[in-house]
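Have a look at protein.tsv below; it lists TSV, C-alpha atoms.
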```
chain	number	residue	atom	x	y	z
A	1	MET	CA	-7.99	-64.29	-12.17
A	2	CYS	CA	-4.85	-62.27	-11.71
A	3	CYS	CA	-3.87	-58.92	-13.17
A	4	PRO	CA	-0.45	-58.56	-14.78
A	5	ALA	CA	2.18	-57.29	-12.40
A	6	GLN	CA	2.89	-53.57	-12.84
A	7	SER	CA	6.05	-51.71	-12.00
A	8	SER	CA	5.70	-48.69	-9.75
A	9	LEU	CA	8.20	-46.89	-11.98
A	10	GLN	CA	6.65	-45.04	-14.90
A	11	ILE	CA	8.67	-43.19	-17.54
A	12	TYR	CA	7.24	-40.17	-19.33
A	13	GLU	CA	8.67	-38.60	-22.46
A	14	ILE	CA	8.48	-34.80	-22.46
A	15	ASN	CA	7.73	-33.30	-25.83
A	16	PRO	CA	9.68	-29.98	-26.10
A	17	LEU	CA	7.36	-28.73	-28.84
A	18	LEU	CA	4.33	-29.31	-26.63
A	19	CYS	CA	5.96	-27.36	-23.79
A	20	ILE	CA	6.62	-24.44	-26.14
A	21	LEU	CA	3.02	-24.45	-27.34
A	22	GLN	CA	1.75	-24.50	-23.76
A	23	LEU	CA	3.89	-21.48	-22.85
A	24	LYS	CA	2.64	-19.62	-25.92
A	25	LEU	CA	-0.94	-20.21	-24.84
A	26	TRP	CA	-0.19	-19.04	-21.29
A	27	ASN	CA	1.33	-15.83	-22.67
A	28	LYS	CA	-1.36	-15.24	-25.29
A	29	TYR	CA	-4.18	-15.42	-22.76
A	30	ARG	CA	-2.19	-13.90	-19.85
A	31	ILE	CA	-2.79	-16.85	-17.52
A	32	SER	CA	-1.56	-16.14	-13.99
A	33	ASN	CA	-3.01	-19.11	-12.11
A	34	ILE	CA	-4.63	-22.48	-12.63
A	35	PRO	CA	-7.09	-23.95	-13.14
A	36	SER	CA	-8.20	-21.51	-15.85
A	37	LEU	CA	-10.86	-22.06	-18.50
A	38	ILE	CA	-11.18	-19.68	-21.45
A	39	PHE	CA	-13.94	-19.81	-24.05
A	40	LEU	CA	-13.12	-18.78	-27.62
A	41	ASP	CA	-15.16	-18.03	-30.72
A	42	ALA	CA	-14.34	-20.96	-33.00
A	43	THR	CA	-14.71	-18.79	-36.11
A	44	THR	CA	-12.58	-15.79	-35.14
A	45	GLY	CA	-10.43	-17.22	-32.36
A	46	LYS	CA	-11.29	-14.23	-30.17
A	47	VAL	CA	-11.88	-14.58	-26.45
A	48	VAL	CA	-15.54	-14.90	-25.50
A	49	CYS	CA	-15.02	-15.36	-21.77
A	50	ARG	CA	-11.85	-15.43	-19.65
A	51	ASN	CA	-13.43	-16.87	-16.54
A	52	GLY	CA	-15.04	-20.07	-17.75
A	53	LEU	CA	-14.92	-21.74	-14.35
A	54	LEU	CA	-17.32	-19.15	-12.96
A	55	VAL	CA	-19.55	-19.57	-16.01
A	56	ILE	CA	-19.86	-23.29	-15.40
A	57	ARG	CA	-20.58	-22.71	-11.73
A	58	ASP	CA	-23.19	-20.00	-12.37
A	59	ASP	CA	-24.82	-21.52	-15.47
A	60	PRO	CA	-24.41	-25.31	-15.26
A	61	GLU	CA	-27.27	-25.90	-17.69
A	62	GLY	CA	-25.85	-23.55	-20.33
A	63	LEU	CA	-28.92	-21.35	-20.48
A	64	GLU	CA	-26.76	-18.26	-21.24
A	65	PHE	CA	-24.61	-19.99	-23.87
A	66	PRO	CA	-22.41	-18.84	-25.68
A	67	TRP	CA	-21.52	-16.68	-22.65
A	68	GLY	CA	-20.32	-13.66	-24.60
A	69	PRO	CA	-19.44	-10.43	-22.79
A	70	LYS	CA	-22.30	-8.12	-21.90
A	71	PRO	CA	-22.14	-4.32	-21.59
A	72	PHE	CA	-21.04	-3.05	-18.19
A	73	ARG	CA	-24.33	-1.16	-17.73
A	74	GLU	CA	-26.26	-4.40	-18.14
A	75	VAL	CA	-24.06	-6.38	-15.77
A	76	ILE	CA	-23.98	-3.72	-13.03
A	77	ALA	CA	-27.72	-2.91	-13.26
A	78	GLY	CA	-29.38	-2.82	-9.86
A	79	PRO	CA	-29.04	-1.14	-6.48
A	80	LEU	CA	-25.65	-0.17	-5.04
A	81	LEU	CA	-24.90	0.48	-1.38
A	82	ARG	CA	-23.23	3.20	0.68
A	83	ASN	CA	-21.61	2.12	3.94
A	84	ASN	CA	-24.28	4.10	5.85
A	85	GLY	CA	-26.94	1.75	4.51
A	86	GLN	CA	-28.30	4.07	1.84
A	87	SER	CA	-28.70	2.72	-1.69
A	88	LEU	CA	-28.95	4.17	-5.18
A	89	GLU	CA	-29.52	2.77	-8.64
A	90	SER	CA	-26.51	2.11	-10.85
A	91	SER	CA	-28.18	4.11	-13.64
A	92	SER	CA	-27.51	7.29	-11.62
A	93	LEU	CA	-23.78	6.92	-12.37
A	94	GLU	CA	-24.13	7.56	-16.09
A	95	GLY	CA	-21.67	10.17	-17.32
A	96	SER	CA	-19.05	9.31	-14.67
A	97	HIS	CA	-15.70	7.61	-14.88
A	98	MET	CA	-15.81	4.49	-12.73
A	99	GLY	CA	-13.46	2.18	-10.93
A	100	VAL	CA	-14.55	-1.42	-10.37
A	101	TYR	CA	-12.63	-2.55	-7.30
A	102	PHE	CA	-12.22	-6.29	-6.64
A	103	SER	CA	-10.89	-6.71	-3.13
A	104	ALA	CA	-11.30	-8.49	0.22
A	105	HIS	CA	-10.51	-7.82	3.86
A	106	TRP	CA	-8.61	-11.11	4.31
A	107	CYS	CA	-6.07	-10.01	1.63
A	108	PRO	CA	-3.21	-7.86	3.07
A	109	PRO	CA	-2.28	-6.24	-0.30
A	110	CYS	CA	-5.95	-5.32	-0.70
A	111	ARG	CA	-6.06	-3.52	2.64
A	112	SER	CA	-2.84	-1.65	1.80
A	113	LEU	CA	-4.21	-0.54	-1.56
A	114	THR	CA	-7.55	0.49	-0.04
A	115	ARG	CA	-5.82	2.97	2.27
A	116	VAL	CA	-4.10	4.62	-0.72
A	117	LEU	CA	-7.21	4.42	-2.89
A	118	VAL	CA	-9.33	6.24	-0.28
A	119	GLU	CA	-6.99	9.23	-0.53
A	120	SER	CA	-6.91	9.07	-4.34
A	121	TYR	CA	-10.71	8.94	-4.46
A	122	ARG	CA	-11.01	12.03	-2.27
A	123	LYS	CA	-8.46	13.99	-4.33
A	124	ILE	CA	-10.25	13.17	-7.58
A	125	LYS	CA	-13.63	14.15	-6.14
A	126	GLU	CA	-12.23	17.38	-4.64
A	127	ALA	CA	-10.84	18.26	-8.07
A	128	GLY	CA	-14.41	18.23	-9.39
A	129	GLN	CA	-14.08	15.06	-11.47
A	130	LYS	CA	-17.13	12.83	-11.96
A	131	PHE	CA	-15.78	9.58	-10.59
A	132	GLU	CA	-17.19	6.71	-8.59
A	133	ILE	CA	-15.76	3.42	-7.34
A	134	ILE	CA	-17.81	0.23	-7.01
A	135	PHE	CA	-16.49	-2.35	-4.55
A	136	VAL	CA	-16.97	-5.98	-5.61
A	137	SER	CA	-16.26	-8.04	-2.52
A	138	ALA	CA	-14.39	-11.33	-2.37
A	139	ASP	CA	-14.84	-11.52	1.39
A	140	ARG	CA	-15.70	-14.86	2.94
A	141	SER	CA	-18.60	-13.64	5.07
A	142	GLU	CA	-21.04	-10.77	5.16
A	143	ASP	CA	-19.63	-9.63	8.51
A	144	SER	CA	-16.14	-9.33	6.95
A	145	PHE	CA	-17.66	-7.44	4.03
A	146	LYS	CA	-19.40	-4.97	6.34
A	147	GLN	CA	-16.27	-4.42	8.43
A	148	TYR	CA	-14.14	-3.77	5.32
A	149	PHE	CA	-16.76	-1.68	3.54
A	150	SER	CA	-17.05	0.60	6.58
A	151	GLU	CA	-13.58	1.94	5.66
A	152	MET	CA	-14.64	2.88	2.12
A	153	PRO	CA	-16.30	6.17	1.05
A	154	TRP	CA	-17.61	4.74	-2.24
A	155	LEU	CA	-20.29	2.29	-3.40
A	156	ALA	CA	-20.54	-1.49	-3.31
A	157	VAL	CA	-22.49	-4.30	-4.91
A	158	PRO	CA	-24.54	-5.83	-2.06
A	159	TYR	CA	-22.75	-8.84	-0.60
A	160	THR	CA	-25.96	-10.85	-0.83
A	161	ASP	CA	-26.09	-10.27	-4.60
A	162	GLU	CA	-23.66	-13.08	-5.34
A	163	ALA	CA	-24.88	-13.47	-8.91
A	164	ARG	CA	-24.01	-9.89	-9.83
A	165	ARG	CA	-20.63	-10.09	-8.11
A	166	SER	CA	-19.89	-13.26	-10.05
A	167	ARG	CA	-20.97	-11.70	-13.36
A	168	LEU	CA	-18.59	-8.78	-12.80
A	169	ASN	CA	-15.74	-11.20	-12.09
A	170	ARG	CA	-16.60	-13.02	-15.30
A	171	LEU	CA	-16.88	-9.81	-17.33
A	172	TYR	CA	-13.32	-8.77	-16.51
A	173	GLY	CA	-11.75	-12.22	-16.16
A	174	ILE	CA	-10.51	-11.51	-12.64
A	175	GLN	CA	-7.72	-13.93	-11.67
A	176	GLY	CA	-6.42	-12.23	-8.54
A	177	ILE	CA	-7.01	-9.40	-6.08
A	178	PRO	CA	-6.67	-6.52	-5.55
A	179	THR	CA	-7.72	-5.46	-9.04
A	180	LEU	CA	-8.97	-2.01	-10.02
A	181	ILE	CA	-10.56	-1.67	-13.47
A	182	VAL	CA	-10.99	1.95	-14.59
A	183	LEU	CA	-13.84	2.68	-17.02
A	184	ASP	CA	-14.75	5.68	-19.15
A	185	PRO	CA	-18.24	7.25	-18.94
A	186	GLN	CA	-19.44	4.83	-21.65
A	187	GLY	CA	-18.41	1.83	-19.54
A	188	GLU	CA	-15.44	0.93	-21.75
A	189	VAL	CA	-12.16	-0.14	-20.11
A	190	ILE	CA	-9.49	2.55	-19.90
A	191	THR	CA	-7.04	0.41	-17.94
A	192	ARG	CA	-6.98	-2.86	-16.05
A	193	GLN	CA	-3.91	-1.60	-14.16
A	194	GLY	CA	-5.69	0.80	-11.85
A	195	ARG	CA	-3.75	-0.59	-8.90
A	196	VAL	CA	-0.42	0.32	-10.49
A	197	GLU	CA	-1.68	3.72	-11.63
A	198	VAL	CA	-2.95	4.69	-8.18
A	199	LEU	CA	0.34	3.72	-6.55
A	200	ASN	CA	2.41	5.54	-9.19
A	201	ASP	CA	0.29	8.71	-9.26
A	202	GLU	CA	-0.50	9.62	-5.67
A	203	ASP	CA	-1.55	13.16	-6.66
A	204	CYS	CA	-3.89	11.77	-9.36
A	205	ARG	CA	-2.55	14.25	-11.91
A	206	GLU	CA	-2.85	11.71	-14.73
A	207	PHE	CA	-6.39	10.57	-13.92
A	208	PRO	CA	-8.19	8.74	-15.60
A	209	TRP	CA	-4.92	6.95	-16.30
A	210	HIS	CA	-5.00	6.19	-20.00
A	211	PRO	CA	-2.30	3.55	-20.67
A	212	LYS	CA	1.15	4.75	-21.68
A	213	PRO	CA	2.90	2.91	-24.52
A	214	VAL	CA	6.17	2.84	-22.56
A	215	LEU	CA	6.53	2.64	-18.78
A	216	GLU	CA	9.46	3.49	-16.56
A	217	LEU	CA	10.13	0.38	-14.46
A	218	SER	CA	9.40	0.88	-10.77
A	219	ASP	CA	8.63	-1.14	-7.66
A	220	SER	CA	4.91	-0.63	-8.14
A	221	ASN	CA	4.65	-1.67	-11.81
A	222	ALA	CA	7.27	-4.44	-11.78
A	223	VAL	CA	4.45	-6.94	-11.18
A	224	GLN	CA	3.51	-6.44	-14.84
A	225	LEU	CA	6.72	-8.22	-15.84
A	226	ASN	CA	4.92	-11.44	-14.91
A	227	GLU	CA	1.99	-10.83	-17.27
A	228	GLY	CA	3.80	-11.82	-20.48
A	229	PRO	CA	6.82	-10.96	-22.61
A	230	CYS	CA	8.22	-7.49	-21.89
A	231	LEU	CA	10.73	-5.43	-23.81
A	232	VAL	CA	13.02	-3.74	-21.29
A	233	LEU	CA	15.61	-1.17	-22.37
A	234	PHE	CA	18.23	-0.70	-19.64
A	235	VAL	CA	19.96	2.69	-19.62
A	236	ASP	CA	23.15	3.72	-17.87
A	237	SER	CA	21.95	6.70	-15.89
A	238	GLU	CA	19.81	7.77	-12.95
A	239	ASP	CA	19.21	11.02	-14.82
A	240	ASP	CA	15.55	11.50	-15.78
A	241	GLY	CA	16.68	12.98	-19.10
A	242	GLU	CA	18.38	9.74	-20.10
A	243	SER	CA	15.30	7.68	-19.27
A	244	GLU	CA	13.04	10.11	-21.10
A	245	ALA	CA	15.23	9.92	-24.21
A	246	ALA	CA	15.07	6.12	-24.09
A	247	LYS	CA	11.26	6.23	-23.80
A	248	GLN	CA	11.03	8.55	-26.80
A	249	LEU	CA	13.25	6.17	-28.76
A	250	ILE	CA	11.05	3.11	-28.33
A	251	GLN	CA	7.65	4.80	-28.06
A	252	PRO	CA	6.90	4.91	-31.83
A	253	ILE	CA	7.58	1.16	-32.08
A	254	ALA	CA	5.41	0.46	-29.03
A	255	GLU	CA	2.57	2.59	-30.41
A	256	LYS	CA	2.77	0.81	-33.75
A	257	ILE	CA	2.55	-2.64	-32.14
A	258	ILE	CA	-0.29	-1.62	-29.81
A	259	ALA	CA	-2.30	-0.08	-32.67
A	260	LYS	CA	-1.79	-3.15	-34.87
A	261	TYR	CA	-3.21	-5.54	-32.29
A	262	LYS	CA	-5.93	-3.15	-31.13
A	263	ALA	CA	-7.23	-3.11	-34.70
A	264	LYS	CA	-7.58	-6.88	-34.41
A	265	GLU	CA	-9.25	-6.50	-30.99
A	266	GLU	CA	-6.36	-8.34	-29.38
A	267	GLU	CA	-4.00	-7.46	-26.55
A	268	ALA	CA	-0.51	-6.43	-27.61
A	269	PRO	CA	1.94	-9.35	-27.30
A	270	LEU	CA	4.56	-7.16	-25.61
A	271	LEU	CA	4.75	-4.60	-22.82
A	272	PHE	CA	7.44	-1.92	-23.08
A	273	PHE	CA	9.65	-0.61	-20.27
A	274	VAL	CA	12.68	1.59	-19.70
A	275	ALA	CA	14.84	0.73	-16.67
A	276	GLY	CA	17.30	3.15	-15.09
A	277	GLU	CA	19.77	2.53	-12.29
A	278	ASP	CA	18.20	1.64	-8.96
A	279	ASP	CA	17.73	-1.27	-6.57
A	280	MET	CA	14.80	-2.62	-8.60
A	281	THR	CA	16.87	-2.73	-11.77
A	282	ASP	CA	19.82	-4.31	-9.96
A	283	SER	CA	17.54	-7.03	-8.57
A	284	LEU	CA	16.05	-7.68	-12.00
A	285	ARG	CA	19.49	-7.95	-13.60
A	286	ASP	CA	20.63	-10.36	-10.88
A	287	TYR	CA	17.48	-12.50	-11.11
A	288	THR	CA	17.65	-12.78	-14.91
A	289	ASN	CA	21.47	-13.01	-14.99
A	290	LEU	CA	21.82	-10.10	-17.38
A	291	PRO	CA	25.16	-8.44	-18.14
A	292	GLU	CA	25.91	-5.05	-16.57
A	293	ALA	CA	26.20	-3.42	-20.00
A	294	ALA	CA	24.12	-0.36	-20.83
A	295	PRO	CA	22.34	0.45	-22.97
A	296	LEU	CA	21.04	-3.10	-23.04
A	297	LEU	CA	18.03	-4.15	-25.08
A	298	THR	CA	16.15	-7.20	-23.80
A	299	ILE	CA	12.89	-9.08	-24.01
A	300	LEU	CA	12.08	-10.90	-20.77
A	301	ASP	CA	9.49	-13.67	-20.62
A	302	MET	CA	9.20	-14.58	-16.97
A	303	SER	CA	6.52	-17.26	-17.36
A	304	ALA	CA	8.66	-19.09	-19.93
A	305	ARG	CA	11.81	-18.32	-17.91
A	306	ALA	CA	13.40	-17.06	-21.13
A	307	LYS	CA	15.27	-13.94	-22.16
A	308	TYR	CA	16.39	-12.42	-25.45
A	309	VAL	CA	19.34	-10.04	-25.29
A	310	MET	CA	20.82	-7.54	-27.75
A	311	ASP	CA	24.05	-6.06	-26.41
A	312	VAL	CA	25.19	-3.34	-28.82
A	313	GLU	CA	27.00	-0.05	-28.30
A	314	GLU	CA	24.19	2.09	-29.69
A	315	ILE	CA	20.46	1.42	-29.66
A	316	THR	CA	18.61	2.96	-32.61
A	317	PRO	CA	14.91	2.84	-33.56
A	318	ALA	CA	15.79	0.53	-36.47
A	319	ILE	CA	17.57	-1.89	-34.12
A	320	VAL	CA	14.63	-1.92	-31.69
A	321	GLU	CA	12.07	-2.46	-34.45
A	322	ALA	CA	14.08	-5.29	-36.01
A	323	PHE	CA	14.53	-6.90	-32.58
A	324	VAL	CA	10.79	-6.74	-31.87
A	325	ASN	CA	9.82	-8.01	-35.32
A	326	ASP	CA	12.24	-10.93	-35.07
A	327	PHE	CA	10.83	-11.83	-31.66
A	328	LEU	CA	7.25	-11.76	-32.92
A	329	ALA	CA	8.28	-13.85	-35.93
A	330	GLU	CA	9.95	-16.34	-33.53
A	331	LYS	CA	13.34	-15.86	-35.17
A	332	LEU	CA	15.21	-15.18	-31.93
A	333	LYS	CA	16.84	-17.91	-29.87
A	334	PRO	CA	15.93	-17.68	-26.17
A	335	GLU	CA	18.41	-17.96	-23.33
A	336	PRO	CA	17.25	-19.46	-20.02
A	337	ILE	CA	16.58	-17.24	-17.02
```

Using structure tokens, write down the structure from this file.
Amino acid sequence: MCCPAQSSLQIYEINPLLCILQLKLWNKYRISNIPSLIFLDATTGKVVCRNGLLVIRDDPEGLEFPWGPKPFREVIAGPLLRNNGQSLESSSLEGSHMGVYFSAHWCPPCRSLTRVLVESYRKIKEAGQKFEIIFVSADRSEDSFKQYFSEMPWLAVPYTDEARRSRLNRLYGIQGIPTLIVLDPQGEVITRQGRVEVLNDEDCREFPWHPKPVLELSDSNAVQLNEGPCLVLFVDSEDDGESEAAKQLIQPIAEKIIAKYKAKEEEAPLLFFVAGEDDMTDSLRDYTNLPEAAPLLTILDMSARAKYVMDVEEITPAIVEAFVNDFLAEKLKPEPI
């Protein structure tokens, strides 16, 4: 019996609508790498767990189903280590701000951040702030963990406690390192962008780094442009006064959007930036093929390789709000990056 002959050439039809839907899902759930598995509540559509792959690995029989998030105090419960071998119970940290630091010795950006973070930690402690950092290792061996941890003045989850390390990764949906999650004394997240905050605030004057509605684009926070759609207002000046005026212009719109989605327990669908004149801005304009005009109002969606541009002589709050609302209502036509 013979099988029908088959051609080695196969033709696939790409559905543009399907591609658009896929990109929307990537942006909505802030996917930065694959494979990724996210569990949702079928009734509300809210995220139950961002790190489903770890859930399946840790609970293959589904004994903890439906895998909803647990309070930080419950997940972290247990002994924590100092690099001198001493240990203390996690319950002793109540009343302190905390940083949960996901890092590994094999990762060069992690080692660079650790050097800066050590100094930030000391400055915060010397200022009399109640603050502690908990290192959650992604090292590949206990020897590597011990070598790396010896450079750190804070606490760590024991390397041998793989279950607790995994639960912390699941709790915060960690997709890459280094990641520094900053928590308030109640264990609620203040910011997931601790890495950016530490690099931008070397004197720790803005600790505990509550998120700002509008950021000034810099080398250290430019990585956030890859996390989803970003409104970027380009201004024609290196003068801090010009940038500050631009931030004040768009801040009420940013605050309104953030509050709207926070009330729904969802992440805001846009980040907001002001970009002045510097090498970073020039590189961004070149990469996205933007005109040299300023002021220039844009929304950049790096993952979709799309941009939305409004080139007008004067940017007003009404223009910004209409631009944002039209984007959210999918009324704007994207241009390719």

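The closest residue to Arg30 (chain A), picked from A:Leu171, A:Leu180, A:Leu271, A:Leu81 and counting all atoms listed in the file, is A:Leu271.
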
For each of A:Gly276, A:Gly228, A:Pro66, A:Pro108, take the minimum atom-to-atom distance to Glu244 (chain A), counting all atoms listed in the file, then give the residue where this is smallest. A:Gly276

Taking only C-alpha atoms into account, name the residue in A:Val235, A:Leu296, A:Cys230, A:Val324 that is nearest to Val312 (chain A).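 Ranked by minimum distance to Val312 (chain A), first place goes to A:Leu296.
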
Using Å and a single decimal, report how far CA of Leu168 (chain A) sits from CA of Ala104 (chain A).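 Between CA of Ala104 (chain A) and CA of Leu168 (chain A) the gap works out to 14.9 Å.
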
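What separates CA of Thr179 (chain A) from CA of Phe102 (chain A) is a distance of 5.2 Å.
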
Shell of 10 Å around Ala318 (chain A), all atoms listed in the file, local chain residues under 6 positions omitted, as a PyMOL selection string: chain A and resi 249-250+253+324

Using all atoms listed in the file: which of A:Val232, A:Ile257, A:Ala156, A:Val198 has the shortest distance to Val309 (chain A):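 For Val309 (chain A), the nearest of the candidates is A:Val232.
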
Output as a PDB file, in the coordinates of the input: region 327-337 of chain A, completed with all heavy atoms.
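rebuild-v1.pdb written:
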```
ATOM      1  N   PHE A 327      11.435 -11.111 -32.782  1.00  0.00           N
ATOM      2  CA  PHE A 327      10.830 -11.830 -31.660  1.00  0.00           C
ATOM      3  C   PHE A 327       9.418 -12.296 -32.017  1.00  0.00           C
ATOM      4  O   PHE A 327       9.060 -13.461 -31.786  1.00  0.00           O
ATOM      5  CB  PHE A 327      10.779 -10.944 -30.416  1.00  0.00           C
ATOM      6  CG  PHE A 327       9.961 -11.527 -29.294  1.00  0.00           C
ATOM      7  CD1 PHE A 327      10.471 -12.535 -28.496  1.00  0.00           C
ATOM      8  CD2 PHE A 327       8.658 -11.081 -29.052  1.00  0.00           C
ATOM      9  CE1 PHE A 327       9.717 -13.090 -27.470  1.00  0.00           C
ATOM     10  CE2 PHE A 327       7.903 -11.626 -28.037  1.00  0.00           C
ATOM     11  CZ  PHE A 327       8.429 -12.630 -27.245  1.00  0.00           C
ATOM     12  N   LEU A 328       8.627 -11.408 -32.580  1.00  0.00           N
ATOM     13  CA  LEU A 328       7.250 -11.760 -32.920  1.00  0.00           C
ATOM     14  C   LEU A 328       7.195 -12.820 -34.011  1.00  0.00           C
ATOM     15  O   LEU A 328       6.246 -13.606 -34.073  1.00  0.00           O
ATOM     16  CB  LEU A 328       6.482 -10.507 -33.354  1.00  0.00           C
ATOM     17  CG  LEU A 328       6.306  -9.428 -32.272  1.00  0.00           C
ATOM     18  CD1 LEU A 328       5.598  -8.210 -32.841  1.00  0.00           C
ATOM     19  CD2 LEU A 328       5.536  -9.982 -31.077  1.00  0.00           C
ATOM     20  N   ALA A 329       8.221 -12.847 -34.870  1.00  0.00           N
ATOM     21  CA  ALA A 329       8.280 -13.850 -35.930  1.00  0.00           C
ATOM     22  C   ALA A 329       8.959 -15.138 -35.453  1.00  0.00           C
ATOM     23  O   ALA A 329       9.165 -16.063 -36.255  1.00  0.00           O
ATOM     24  CB  ALA A 329       9.025 -13.294 -37.139  1.00  0.00           C
ATOM     25  N   GLU A 330       9.315 -15.173 -34.151  1.00  0.00           N
ATOM     26  CA  GLU A 330       9.950 -16.340 -33.530  1.00  0.00           C
ATOM     27  C   GLU A 330      11.277 -16.691 -34.183  1.00  0.00           C
ATOM     28  O   GLU A 330      11.644 -17.862 -34.325  1.00  0.00           O
ATOM     29  CB  GLU A 330       8.999 -17.547 -33.558  1.00  0.00           C
ATOM     30  CG  GLU A 330       7.693 -17.284 -32.845  1.00  0.00           C
ATOM     31  CD  GLU A 330       6.756 -18.478 -32.863  1.00  0.00           C
ATOM     32  OE1 GLU A 330       7.208 -19.578 -33.236  1.00  0.00           O
ATOM     33  OE2 GLU A 330       5.582 -18.327 -32.492  1.00  0.00           O
ATOM     34  N   LYS A 331      12.028 -15.658 -34.556  1.00  0.00           N
ATOM     35  CA  LYS A 331      13.340 -15.860 -35.170  1.00  0.00           C
ATOM     36  C   LYS A 331      14.479 -15.784 -34.153  1.00  0.00           C
ATOM     37  O   LYS A 331      15.613 -16.118 -34.484  1.00  0.00           O
ATOM     38  CB  LYS A 331      13.569 -14.817 -36.264  1.00  0.00           C
ATOM     39  CG  LYS A 331      12.643 -14.944 -37.463  1.00  0.00           C
ATOM     40  CD  LYS A 331      12.953 -13.870 -38.503  1.00  0.00           C
ATOM     41  CE  LYS A 331      12.035 -13.980 -39.726  1.00  0.00           C
ATOM     42  NZ  LYS A 331      12.326 -12.926 -40.720  1.00  0.00           N
ATOM     43  N   LEU A 332      14.174 -15.326 -32.933  1.00  0.00           N
ATOM     44  CA  LEU A 332      15.210 -15.180 -31.930  1.00  0.00           C
ATOM     45  C   LEU A 332      15.360 -16.460 -31.091  1.00  0.00           C
ATOM     46  O   LEU A 332      14.366 -17.139 -30.817  1.00  0.00           O
ATOM     47  CB  LEU A 332      14.890 -14.016 -31.000  1.00  0.00           C
ATOM     48  CG  LEU A 332      14.720 -12.632 -31.648  1.00  0.00           C
ATOM     49  CD1 LEU A 332      14.406 -11.593 -30.579  1.00  0.00           C
ATOM     50  CD2 LEU A 332      15.978 -12.235 -32.409  1.00  0.00           C
ATOM     51  N   LYS A 333      16.575 -16.743 -30.700  1.00  0.00           N
ATOM     52  CA  LYS A 333      16.840 -17.910 -29.870  1.00  0.00           C
ATOM     53  C   LYS A 333      16.849 -17.502 -28.402  1.00  0.00           C
ATOM     54  O   LYS A 333      17.628 -16.643 -27.996  1.00  0.00           O
ATOM     55  CB  LYS A 333      18.181 -18.540 -30.231  1.00  0.00           C
ATOM     56  CG  LYS A 333      18.472 -19.828 -29.461  1.00  0.00           C
ATOM     57  CD  LYS A 333      19.801 -20.431 -29.895  1.00  0.00           C
ATOM     58  CE  LYS A 333      20.096 -21.708 -29.102  1.00  0.00           C
ATOM     59  NZ  LYS A 333      21.400 -22.314 -29.512  1.00  0.00           N
ATOM     60  N   PRO A 334      15.984 -18.089 -27.581  1.00  0.00           N
ATOM     61  CA  PRO A 334      15.930 -17.680 -26.170  1.00  0.00           C
ATOM     62  C   PRO A 334      17.105 -18.236 -25.366  1.00  0.00           C
ATOM     63  O   PRO A 334      17.656 -19.288 -25.677  1.00  0.00           O
ATOM     64  CB  PRO A 334      14.608 -18.278 -25.689  1.00  0.00           C
ATOM     65  CG  PRO A 334      14.403 -19.483 -26.561  1.00  0.00           C
ATOM     66  CD  PRO A 334      14.972 -19.122 -27.908  1.00  0.00           C
ATOM     67  N   GLU A 335      17.466 -17.480 -24.337  1.00  0.00           N
ATOM     68  CA  GLU A 335      18.410 -17.960 -23.330  1.00  0.00           C
ATOM     69  C   GLU A 335      17.624 -18.202 -22.045  1.00  0.00           C
ATOM     70  O   GLU A 335      16.655 -17.494 -21.768  1.00  0.00           O
ATOM     71  CB  GLU A 335      19.492 -16.909 -23.072  1.00  0.00           C
ATOM     72  CG  GLU A 335      20.311 -16.515 -24.298  1.00  0.00           C
ATOM     73  CD  GLU A 335      21.286 -15.402 -23.959  1.00  0.00           C
ATOM     74  OE1 GLU A 335      21.888 -15.442 -22.860  1.00  0.00           O
ATOM     75  OE2 GLU A 335      21.420 -14.469 -24.781  1.00  0.00           O
ATOM     76  N   PRO A 336      18.011 -19.181 -21.262  1.00  0.00           N
ATOM     77  CA  PRO A 336      17.250 -19.460 -20.020  1.00  0.00           C
ATOM     78  C   PRO A 336      17.466 -18.393 -18.968  1.00  0.00           C
ATOM     79  O   PRO A 336      18.558 -17.825 -18.859  1.00  0.00           O
ATOM     80  CB  PRO A 336      17.792 -20.811 -19.579  1.00  0.00           C
ATOM     81  CG  PRO A 336      19.174 -20.880 -20.156  1.00  0.00           C
ATOM     82  CD  PRO A 336      19.119 -20.139 -21.459  1.00  0.00           C
ATOM     83  N   ILE A 337      16.452 -18.121 -18.199  1.00  0.00           N
ATOM     84  CA  ILE A 337      16.580 -17.240 -17.020  1.00  0.00           C
ATOM     85  C   ILE A 337      16.902 -18.120 -15.826  1.00  0.00           C
ATOM     86  O   ILE A 337      16.195 -19.089 -15.551  1.00  0.00           O
ATOM     87  CB  ILE A 337      15.269 -16.467 -16.773  1.00  0.00           C
ATOM     88  CG1 ILE A 337      15.066 -15.445 -17.888  1.00  0.00           C
ATOM     89  CG2 ILE A 337      15.305 -15.783 -15.423  1.00  0.00           C
ATOM     90  CD1 ILE A 337      13.781 -14.635 -17.768  1.00  0.00           C
TER      91      ILE A 337
END
```
